[in-house]
Amino acid sequence: LASQPAWTGSALRDLNSPAGCPHVNGFKVDNWKQNLRVIYQCFVWSGSAETRKRKAKSCICHMCGAHLNRLHSCLYCVFFACFAKKHIHEHAKSKRHNLAIDLLYGGIYCFMCQDYIYDKEMEQIAKEEQRKAWKMLHGFYSTWEPTKRELELLRHNPKRRRITSNCTIGLRGLINLGNTCFMNCIVQALTHTPLLRDFFLSDRHKCEMQSNSCLVCEMSQLFQEFYSGHRSPHIPFRLLHLVWTHARHLAGYEQQDAHEFLIAALDVLHRHCKDDNGKKANNPNHCNCIIDQIFTGGLQSDVTCQACHGVSTTIDPFWDISLDLPGSSTPFWPLSPGGDGSALNGESHTTGATTLTDCLRRFTRPEHLGSSAKIKCSGCHSYQESTKQLTMKKLPIVACFHLKRFEHSAKLRRKITTYVSFPLELDMTPFMASSKESRMNGQYQQTVDPFNNDNKYSLFAVVNHQGTLESGHYTTFIRQHKDQWFKCDDAIITKASIKDVLDSEGYLLFYHKQFLEYE
Amino acid sequence: MLKRIMSKDSQMRAAINQKLIEMGERERLKELLRAKLVECGWKDQLKAHCKDVIREKGLEHVTVEDLVTEVTPKGRALVPDSVKKELLQRIRAFLAQHATL
């Protein structure tokens, strides 16, 4: 995120190494390195609270008191002065102190050369101090710089691909191998999941599997194919074979459920990813594989005893949220849509259409379990009636919502085609475990903190099913370059409008967190 | 000897700035601004402008001063209003929280 400060990299004059200047030799005496470090720590990049306090108090121009105007500090004595008003120049001239440091960016200015100079040793110190301060302040280190090996690779592979807003890299059709659109549609969603793409394109999977049947390796290959720049459709026969091998219930040439395929694929990838993490990867509570990092959320279930009001809480991991739709045979569907949650997410209520937020409200509402489903209360030591409520404890980076359109009850098998309106931007705050308190008091409107971005999501893929339960077809809308959408229909990729996406029926909705925290 | 020639307005500014630095908020605001300016394409626009200035003045002769003089006015003008608004809101919120100023 940090932009390059003015002093790093090669000087404008000498492109091979930092120029430096002969005038620094007067400075480089005695304990100059330590002195320079102290200046950086106290007045340029103040990491700790006490250095910040000192910086705040003392960093003003000794001539005019201003704290702006490109304040510089003399390197030879304790003197701060503005650059813009030439106060530091006056000091340099009168005292013959020819070096000053820019308190904003850390650049060293030489009044003899009349420009910023880049001395190798001083630059090294500056870089180290900046990293230290960043780590203290933000908890993560700053700019990436290539290693020797990476520089070598870059030099040996001079071909560069320029990503412009109208380039089609990442878009590739997939041949249907016989009712395999259920697989193709999910592959399109996964290959356009930003974090997953970044993981695979930066070669982060180190395989330790002996056989050739690692699904993660195959995914890696798939990403290479998708981002190769080839425009011809890809034939995913190896992927299909691996899926049949590892998820037997999906084998065969019949049409399968895309949602089932998604869960099976994530499961196999998660299992095969253990090699990237060594220990403990197979423990569902401790796995830190890329699949878990991206897709796993925590669902909190609170069961409240109606007698003693004791609450029993469990948290279960989830990869997706399956939402019941109106018109299904599950009871207790509220007939009146609307409410503050929908207003929060900007969904349209023009025709009284059900919204995604309505579904989420229903999913997270307290449900009375009824007298036929009493639970044993540990507080009362007896069976009592209770209410149960589901809320989000931990949000995944990618949230997948599964609209339960396929009904497979004992009586009937049918597809629910009710239109459900879903937004481009989604705020999950009202559905969090932490928001439960205000909801219980009847308040739905959360005072939205405009600076709390943790729960905000953006839509990036929509899987649709056209047709009936017996014969249907899956397609996917995916998002590219922030505001461009494309429809992926097996081998055919066409440009789509945002309206096309939002008007579609929606079966699987993929949302990506807008802001990522560093760990 | 320290000579202070400051109006009441700039006194207030200095006090606010001090508080922002002390609480580490100034650094956070800088990061927020940096991210916003990259997002809206401002950084790319300015980078292109810098390259133009360098080409004009010649790589061998251009100084940091030249760039600062040429690029600052354009840079200031190109900051989107929405970004300014957001930062202002953020500073106001911070001041509201630390009202002892």
# chains A, B, ... in the order shown; residues from 1 in each chain; ligands from 1
>>> closest_atom_pairs(of="chain A", to="chain B", cutoff="6 Å", atoms="only C-alpha atoms", output="Markdown table")
| residue | atom | partner | partner_atom | distance |
| --- | --- | --- | --- | --- |
| A:Arg13 | CA | B:Glu60 | CA | 5.6 |
| A:Arg52 | CA | B:Glu22 | CA | 5.1 |
| A:Lys53 | CA | B:Glu22 | CA | 4.7 |
| A:Ala56 | CA | B:Gln18 | CA | 4.6 |
| A:His62 | CA | B:Leu2 | CA | 5.4 |
| A:Met63 | CA | B:Lys3 | CA | 5.6 |
| A:Cys64 | CA | B:Arg4 | CA | 5.6 |
| A:Gly65 | CA | B:Arg4 | CA | 5.2 |
| A:Asp115 | CA | B:Thr63 | CA | 6.0 |
>>> select_by_dssp(residues="chain B", states="helix (DSSP H, G or I)", output="JSON, numbers by chain")
{"B": [8, 9, 10, 11, 12, 13, 14, 15, 16, 17, 18, 19, 20, 21, 22, 25, 26, 27, 28, 29, 30, 31, 32, 33, 34, 35, 36, 37, 38, 39, 42, 43, 44, 45, 46, 47, 48, 49, 50, 51, 52, 53, 54, 55, 56, 57, 64, 65, 66, 67, 68, 69, 70, 71, 72, 73, 74, 75, 76, 77, 78, 81, 82, 83, 84, 85, 86, 87, 88, 89, 90, 91, 92, 93, 94, 95, 96, 97]}
>>> residues_around(residues="A:His23", least_positions_apart="3", cutoff="10 Å", atoms="only C-alpha atoms", output="list of chain:residue names")
A:Gly20, A:Gly26, A:Phe27, A:Lys28, A:Asn98, A:Leu99, A:Cys110, A:Phe111, A:Met112, A:Cys113, A:Ile117
>>> write_last_selection(atoms="C-alpha atoms", output="short mmCIF file (atom, residue, chain, number, x, y, z; two decimals), in the first residue's frame")
data_model
loop_
_atom_site.label_atom_id
_atom_site.label_comp_id
_atom_site.auth_asym_id
_atom_site.auth_seq_id
_atom_site.Cartn_x
_atom_site.Cartn_y
_atom_site.Cartn_z
CA GLY A 20 25.53 10.05 -3.04
CA GLY A 26 31.96 15.82 6.63
CA PHE A 27 28.94 14.28 8.32
CA LYS A 28 30.13 10.67 8.37
CA ASN A 98 25.20 21.73 4.35
CA LEU A 99 22.95 18.75 5.06
CA CYS A 110 22.59 18.69 0.24
CA PHE A 111 22.75 22.47 -0.02
CA MET A 112 25.98 22.29 -2.01
CA CYS A 113 24.51 19.97 -4.65
CA ILE A 117 21.16 13.00 -2.60
#
>>> residues_around(residues="stretch 316-327 of chain A", least_positions_apart="4", cutoff="9 Å", atoms="only C-alpha atoms", output="mmCIF file with C-alpha atoms, in the first residue's frame")
data_model
loop_
_atom_site.group_PDB
_atom_site.id
_atom_site.type_symbol
_atom_site.label_atom_id
_atom_site.label_comp_id
_atom_site.auth_asym_id
_atom_site.auth_seq_id
_atom_site.Cartn_x
_atom_site.Cartn_y
_atom_site.Cartn_z
ATOM 1 C CA ILE A 263 -18.634 -27.838 -1.160
ATOM 2 C CA LEU A 266 -13.557 -26.897 -1.236
ATOM 3 C CA PRO A 284 -10.706 -28.556 11.382
ATOM 4 C CA ASN A 285 -10.227 -26.152 14.235
ATOM 5 C CA ASP A 292 -9.923 -21.923 5.295
ATOM 6 C CA PHE A 295 -13.885 -19.313 2.846
ATOM 7 C CA THR A 296 -14.281 -20.358 6.466
ATOM 8 C CA GLY A 297 -16.528 -18.351 8.709
ATOM 9 C CA GLY A 298 -17.898 -19.067 12.185
ATOM 10 C CA LEU A 299 -21.609 -19.509 12.780
ATOM 11 C CA GLN A 300 -22.783 -18.930 16.304
ATOM 12 C CA SER A 301 -25.753 -20.850 17.584
ATOM 13 C CA TRP A 333 -41.648 -17.460 6.356
ATOM 14 C CA PRO A 334 -42.495 -13.798 7.152
ATOM 15 C CA LEU A 335 -44.819 -12.583 4.431
ATOM 16 C CA THR A 354 -37.878 -10.722 -1.511
ATOM 17 C CA LEU A 356 -31.186 -11.294 0.139
ATOM 18 C CA CYS A 359 -33.448 -14.114 3.721
ATOM 19 C CA LEU A 360 -30.567 -13.277 6.040
ATOM 20 C CA ARG A 362 -34.973 -14.840 8.529
ATOM 21 C CA PHE A 363 -31.853 -16.962 8.872
ATOM 22 C CA LYS A 394 -16.640 -14.646 12.328
ATOM 23 C CA PRO A 396 -15.183 -15.264 5.995
ATOM 24 C CA VAL A 398 -15.482 -14.740 0.722
ATOM 25 C CA ALA A 399 -19.095 -15.283 1.709
ATOM 26 C CA CYS A 400 -21.088 -17.660 -0.431
ATOM 27 C CA PHE A 401 -24.865 -17.560 -0.184
ATOM 28 C CA HIS A 402 -26.785 -20.562 -1.432
ATOM 29 C CA LEU A 403 -30.419 -19.854 -2.249
ATOM 30 C CA LYS A 404 -32.214 -23.143 -1.681
ATOM 31 C CA ARG A 405 -34.071 -23.368 -4.927
ATOM 32 C CA ILE A 416 -38.388 -22.576 -6.591
ATOM 33 C CA THR A 418 -38.989 -16.903 -6.986
ATOM 34 C CA VAL A 420 -34.698 -12.782 -4.954
#
>>> closest_residue(among="B:Leu29, B:Ala96, B:Thr69, B:Gln45", to="B:Val83", atoms="only C-alpha atoms")
B:Leu29
>>> atom_distance(atom1="atom CA of A:Glu225", atom2="atom CA of A:Gly170")
8.6 Å
>>> atom_distance(atom1="atom CA of A:Leu426", atom2="atom CA of A:Thr387")
27.5 Å
>>> residues_around(residues="A:Thr191", least_positions_apart="2", cutoff="12 Å", atoms="only C-alpha atoms", output="ChimeraX atom specification")
/A:169-174,184-189,193-201,219-227,460-461,476,478-480,488
>>> select_by_dssp(residues="stretch 55-303 of chain A", states="strand (DSSP E)", output="tab-separated table (two decimals) with all heavy atoms, in the first residue's frame")
chain	number	residue	atom	x	y	z
A	71	LEU	N	8.89	20.74	6.44
A	71	LEU	CA	9.85	20.93	7.52
A	71	LEU	C	11.08	20.05	7.32
A	71	LEU	O	10.97	18.88	6.97
A	71	LEU	CB	9.17	20.55	8.82
A	71	LEU	CG	9.57	21.30	10.07
A	71	LEU	CD1	9.33	22.79	9.90
A	71	LEU	CD2	8.76	20.79	11.26
A	72	HIS	N	12.25	20.64	7.56
A	72	HIS	CA	13.50	19.88	7.49
A	72	HIS	C	14.25	20.05	8.80
A	72	HIS	O	14.04	21.02	9.52
A	72	HIS	CB	14.38	20.41	6.35
A	72	HIS	CG	13.99	19.87	5.01
A	72	HIS	ND1	12.76	20.07	4.45
A	72	HIS	CD2	14.71	19.13	4.11
A	72	HIS	CE1	12.71	19.47	3.27
A	72	HIS	NE2	13.87	18.90	3.03
A	73	SER	N	15.09	19.09	9.08
A	73	SER	CA	15.94	19.20	10.26
A	73	SER	C	17.39	19.27	9.79
A	73	SER	O	17.80	18.51	8.92
A	73	SER	CB	15.76	17.99	11.16
A	73	SER	OG	16.81	17.91	12.10
A	74	CYS	N	18.15	20.17	10.39
A	74	CYS	CA	19.57	20.24	10.07
A	74	CYS	C	20.24	18.98	10.60
A	74	CYS	O	19.88	18.47	11.66
A	74	CYS	CB	20.19	21.47	10.75
A	74	CYS	SG	21.97	21.58	10.55
A	80	PHE	N	15.14	23.00	13.37
A	80	PHE	CA	14.10	22.65	12.41
A	80	PHE	C	13.66	23.91	11.69
A	80	PHE	O	13.49	24.95	12.32
A	80	PHE	CB	12.89	22.06	13.14
A	80	PHE	CG	13.21	20.84	13.96
A	80	PHE	CD1	13.05	20.87	15.34
A	80	PHE	CD2	13.68	19.68	13.37
A	80	PHE	CE1	13.34	19.75	16.11
A	80	PHE	CE2	13.98	18.57	14.14
A	80	PHE	CZ	13.81	18.60	15.52
A	81	ALA	N	13.45	23.79	10.41
A	81	ALA	CA	12.98	24.96	9.67
A	81	ALA	C	12.25	24.55	8.40
A	81	ALA	O	12.47	23.45	7.88
A	81	ALA	CB	14.14	25.87	9.33
A	82	CYS	N	11.40	25.44	7.91
A	82	CYS	CA	10.64	25.13	6.70
A	82	CYS	C	11.54	25.16	5.48
A	82	CYS	O	12.46	25.96	5.39
A	82	CYS	CB	9.53	26.13	6.39
A	82	CYS	SG	8.92	27.07	7.73
A	99	LEU	N	23.86	19.88	5.24
A	99	LEU	CA	22.95	18.75	5.06
A	99	LEU	C	21.70	18.92	5.92
A	99	LEU	O	21.77	19.35	7.08
A	99	LEU	CB	23.61	17.42	5.45
A	99	LEU	CG	24.76	16.94	4.59
A	99	LEU	CD1	25.38	15.70	5.20
A	99	LEU	CD2	24.28	16.63	3.17
A	100	ALA	N	20.55	18.57	5.35
A	100	ALA	CA	19.31	18.61	6.10
A	100	ALA	C	18.47	17.40	5.72
A	100	ALA	O	18.65	16.82	4.64
A	100	ALA	CB	18.54	19.89	5.81
A	101	ILE	N	17.54	17.03	6.60
A	101	ILE	CA	16.70	15.86	6.31
A	101	ILE	C	15.24	16.28	6.27
A	101	ILE	O	14.78	17.06	7.10
A	101	ILE	CB	16.94	14.75	7.37
A	101	ILE	CG1	16.13	13.51	7.04
A	101	ILE	CG2	16.61	15.23	8.77
A	101	ILE	CD1	16.52	12.31	7.88
A	102	ASP	N	14.54	15.78	5.29
A	102	ASP	CA	13.12	16.09	5.11
A	102	ASP	C	12.33	15.26	6.14
A	102	ASP	O	12.37	14.04	6.13
A	102	ASP	CB	12.71	15.69	3.68
A	102	ASP	CG	11.24	15.92	3.39
A	102	ASP	OD1	10.45	16.13	4.34
A	102	ASP	OD2	10.87	15.88	2.21
A	108	ILE	N	17.52	13.12	2.22
A	108	ILE	CA	18.64	13.94	2.65
A	108	ILE	C	18.93	14.99	1.58
A	108	ILE	O	19.16	14.65	0.42
A	108	ILE	CB	19.92	13.09	2.85
A	108	ILE	CG1	19.60	11.85	3.70
A	108	ILE	CG2	21.04	13.93	3.44
A	108	ILE	CD1	19.52	12.08	5.16
A	109	TYR	N	18.90	16.26	1.99
A	109	TYR	CA	19.14	17.35	1.05
A	109	TYR	C	20.53	17.93	1.26
A	109	TYR	O	20.93	18.21	2.38
A	109	TYR	CB	18.08	18.43	1.25
A	109	TYR	CG	18.07	19.48	0.16
A	109	TYR	CD1	17.33	19.29	-1.01
A	109	TYR	CD2	18.81	20.65	0.30
A	109	TYR	CE1	17.32	20.24	-2.01
A	109	TYR	CE2	18.81	21.61	-0.70
A	109	TYR	CZ	18.06	21.41	-1.85
A	109	TYR	OH	18.06	22.35	-2.84
A	110	CYS	N	21.26	18.09	0.16
A	110	CYS	CA	22.59	18.69	0.24
A	110	CYS	C	22.52	20.09	-0.36
A	110	CYS	O	22.18	20.26	-1.54
A	110	CYS	CB	23.60	17.84	-0.53
A	110	CYS	SG	25.23	18.61	-0.64
A	115	ASP	N	20.22	19.58	-4.23
A	115	ASP	CA	19.22	18.57	-4.57
A	115	ASP	C	19.28	17.49	-3.50
A	115	ASP	O	20.21	17.45	-2.69
A	115	ASP	CB	19.50	17.96	-5.95
A	115	ASP	CG	18.30	17.24	-6.53
A	115	ASP	OD1	17.21	17.28	-5.90
A	115	ASP	OD2	18.44	16.65	-7.61
A	116	TYR	N	18.30	16.62	-3.52
A	116	TYR	CA	18.32	15.48	-2.61
A	116	TYR	C	19.36	14.49	-3.12
A	116	TYR	O	19.47	14.26	-4.33
A	116	TYR	CB	16.95	14.81	-2.53
A	116	TYR	CG	15.95	15.66	-1.77
A	116	TYR	CD1	15.15	16.57	-2.44
A	116	TYR	CD2	15.88	15.58	-0.38
A	116	TYR	CE1	14.28	17.38	-1.73
A	116	TYR	CE2	15.00	16.38	0.33
A	116	TYR	CZ	14.20	17.29	-0.35
A	116	TYR	OH	13.33	18.08	0.35
A	117	ILE	N	20.12	13.94	-2.20
A	117	ILE	CA	21.16	13.00	-2.60
A	117	ILE	C	20.84	11.63	-2.02
A	117	ILE	O	20.06	11.51	-1.08
A	117	ILE	CB	22.55	13.49	-2.14
A	117	ILE	CG1	22.54	13.78	-0.63
A	117	ILE	CG2	22.93	14.75	-2.87
A	117	ILE	CD1	23.22	12.75	0.20
A	297	GLY	N	-15.98	-19.30	7.76
A	297	GLY	CA	-16.53	-18.35	8.71
A	297	GLY	C	-16.96	-19.12	9.94
A	297	GLY	O	-16.89	-20.35	9.97
A	298	GLY	N	-17.42	-18.42	10.96
A	298	GLY	CA	-17.90	-19.07	12.19
A	298	GLY	C	-19.35	-18.71	12.41
A	298	GLY	O	-19.70	-17.53	12.44
A	299	LEU	N	-20.18	-19.74	12.55
A	299	LEU	CA	-21.61	-19.51	12.78
A	299	LEU	C	-21.93	-19.78	14.25
A	299	LEU	O	-21.65	-20.87	14.76
A	299	LEU	CB	-22.42	-20.45	11.88
A	299	LEU	CG	-23.92	-20.19	11.79
A	299	LEU	CD1	-24.17	-18.81	11.18
A	299	LEU	CD2	-24.58	-21.27	10.94
A	300	GLN	N	-22.47	-18.78	14.89
A	300	GLN	CA	-22.78	-18.93	16.30
A	300	GLN	C	-24.22	-19.37	16.47
A	300	GLN	O	-25.13	-18.82	15.85
A	300	GLN	CB	-22.56	-17.60	17.04
A	300	GLN	CG	-22.87	-17.64	18.51
A	300	GLN	CD	-22.30	-16.44	19.24
A	300	GLN	OE1	-21.17	-16.01	18.98
A	300	GLN	NE2	-23.07	-15.87	20.14
A	301	SER	N	-24.41	-20.38	17.33
A	301	SER	CA	-25.75	-20.85	17.58
A	301	SER	C	-26.03	-20.67	19.08
A	301	SER	O	-25.32	-21.20	19.92
A	301	SER	CB	-25.87	-22.33	17.21
A	301	SER	OG	-27.09	-22.85	17.68
A	302	ASP	N	-27.04	-19.85	19.39
A	302	ASP	CA	-27.39	-19.61	20.79
A	302	ASP	C	-28.73	-20.25	21.09
A	302	ASP	O	-29.73	-19.92	20.47
A	302	ASP	CB	-27.49	-18.10	21.06
A	302	ASP	CG	-26.17	-17.41	20.88
A	302	ASP	OD1	-25.20	-17.82	21.55
A	302	ASP	OD2	-26.08	-16.47	20.07
A	303	VAL	N	-28.73	-21.18	22.06
A	303	VAL	CA	-29.98	-21.80	22.46
A	303	VAL	C	-30.32	-21.25	23.84
A	303	VAL	O	-29.55	-21.39	24.79
A	303	VAL	CB	-29.85	-23.34	22.50
A	303	VAL	CG1	-31.14	-23.95	22.99
A	303	VAL	CG2	-29.49	-23.86	21.12
>>> residues_around(residues="stretch 497-500 of chain A", least_positions_apart="6", cutoff="8 Å", atoms="only C-alpha atoms", output="list in words")
Gln484, Trp485 and Phe486 of chain A
>>> decode(residues="stretch 58-77 of chain B", atoms="N, CA and C atoms", output="JSON list (two decimals), in the first residue's frame")
[["chain", "number", "residue", "atom", "x", "y", "z"],
["B", 58, "GLY", "N", 14.74, 17.03, -18.95],
["B", 58, "GLY", "CA", 15.90, 16.21, -19.24],
["B", 58, "GLY", "C", 16.34, 15.47, -18.00],
["B", 59, "LEU", "N", 16.57, 14.19, -18.12],
["B", 59, "LEU", "CA", 16.88, 13.32, -17.00],
["B", 59, "LEU", "C", 18.13, 13.78, -16.24],
["B", 60, "GLU", "N", 19.09, 14.30, -16.96],
["B", 60, "GLU", "CA", 20.36, 14.69, -16.32],
["B", 60, "GLU", "C", 20.24, 15.95, -15.48],
["B", 61, "HIS", "N", 19.26, 16.79, -15.79],
["B", 61, "HIS", "CA", 19.24, 18.10, -15.16],
["B", 61, "HIS", "C", 18.13, 18.31, -14.15],
["B", 62, "VAL", "N", 17.14, 17.46, -14.18],
["B", 62, "VAL", "CA", 15.97, 17.72, -13.33],
["B", 62, "VAL", "C", 16.31, 17.48, -11.86],
["B", 63, "THR", "N", 15.76, 18.33, -11.00],
["B", 63, "THR", "CA", 15.97, 18.17, -9.55],
["B", 63, "THR", "C", 14.63, 17.87, -8.90],
["B", 64, "VAL", "N", 14.70, 17.43, -7.65],
["B", 64, "VAL", "CA", 13.47, 17.16, -6.91],
["B", 64, "VAL", "C", 12.64, 18.43, -6.81],
["B", 65, "GLU", "N", 13.33, 19.54, -6.62],
["B", 65, "GLU", "CA", 12.64, 20.83, -6.57],
["B", 65, "GLU", "C", 11.79, 21.10, -7.80],
["B", 66, "ASP", "N", 12.38, 20.83, -8.97],
["B", 66, "ASP", "CA", 11.64, 21.02, -10.22],
["B", 66, "ASP", "C", 10.33, 20.25, -10.18],
["B", 67, "LEU", "N", 10.45, 18.99, -9.79],
["B", 67, "LEU", "CA", 9.26, 18.15, -9.76],
["B", 67, "LEU", "C", 8.23, 18.68, -8.77],
["B", 68, "VAL", "N", 8.73, 19.06, -7.58],
["B", 68, "VAL", "CA", 7.81, 19.56, -6.57],
["B", 68, "VAL", "C", 7.08, 20.80, -7.08],
["B", 69, "THR", "N", 7.83, 21.72, -7.66],
["B", 69, "THR", "CA", 7.22, 22.97, -8.17],
["B", 69, "THR", "C", 6.20, 22.69, -9.26],
["B", 70, "GLU", "N", 6.56, 21.79, -10.19],
["B", 70, "GLU", "CA", 5.68, 21.52, -11.32],
["B", 70, "GLU", "C", 4.46, 20.70, -10.94],
["B", 71, "VAL", "N", 4.69, 19.72, -10.06],
["B", 71, "VAL", "CA", 3.65, 18.74, -9.83],
["B", 71, "VAL", "C", 2.68, 19.12, -8.70],
["B", 72, "THR", "N", 3.15, 19.90, -7.72],
["B", 72, "THR", "CA", 2.29, 20.22, -6.58],
["B", 72, "THR", "C", 0.94, 20.85, -6.94],
["B", 73, "PRO", "N", 0.92, 21.91, -7.76],
["B", 73, "PRO", "CA", -0.39, 22.51, -8.05],
["B", 73, "PRO", "C", -1.35, 21.53, -8.72],
["B", 74, "LYS", "N", -0.83, 20.76, -9.66],
["B", 74, "LYS", "CA", -1.69, 19.80, -10.35],
["B", 74, "LYS", "C", -2.16, 18.72, -9.37],
["B", 75, "GLY", "N", -1.25, 18.28, -8.54],
["B", 75, "GLY", "CA", -1.59, 17.25, -7.57],
["B", 75, "GLY", "C", -2.70, 17.71, -6.65],
["B", 76, "ARG", "N", -2.58, 18.94, -6.17],
["B", 76, "ARG", "CA", -3.60, 19.49, -5.27],
["B", 76, "ARG", "C", -4.94, 19.59, -5.97],
["B", 77, "ALA", "N", -4.91, 20.05, -7.22],
["B", 77, "ALA", "CA", -6.16, 20.24, -7.94],
["B", 77, "ALA", "C", -6.87, 18.93, -8.26]]
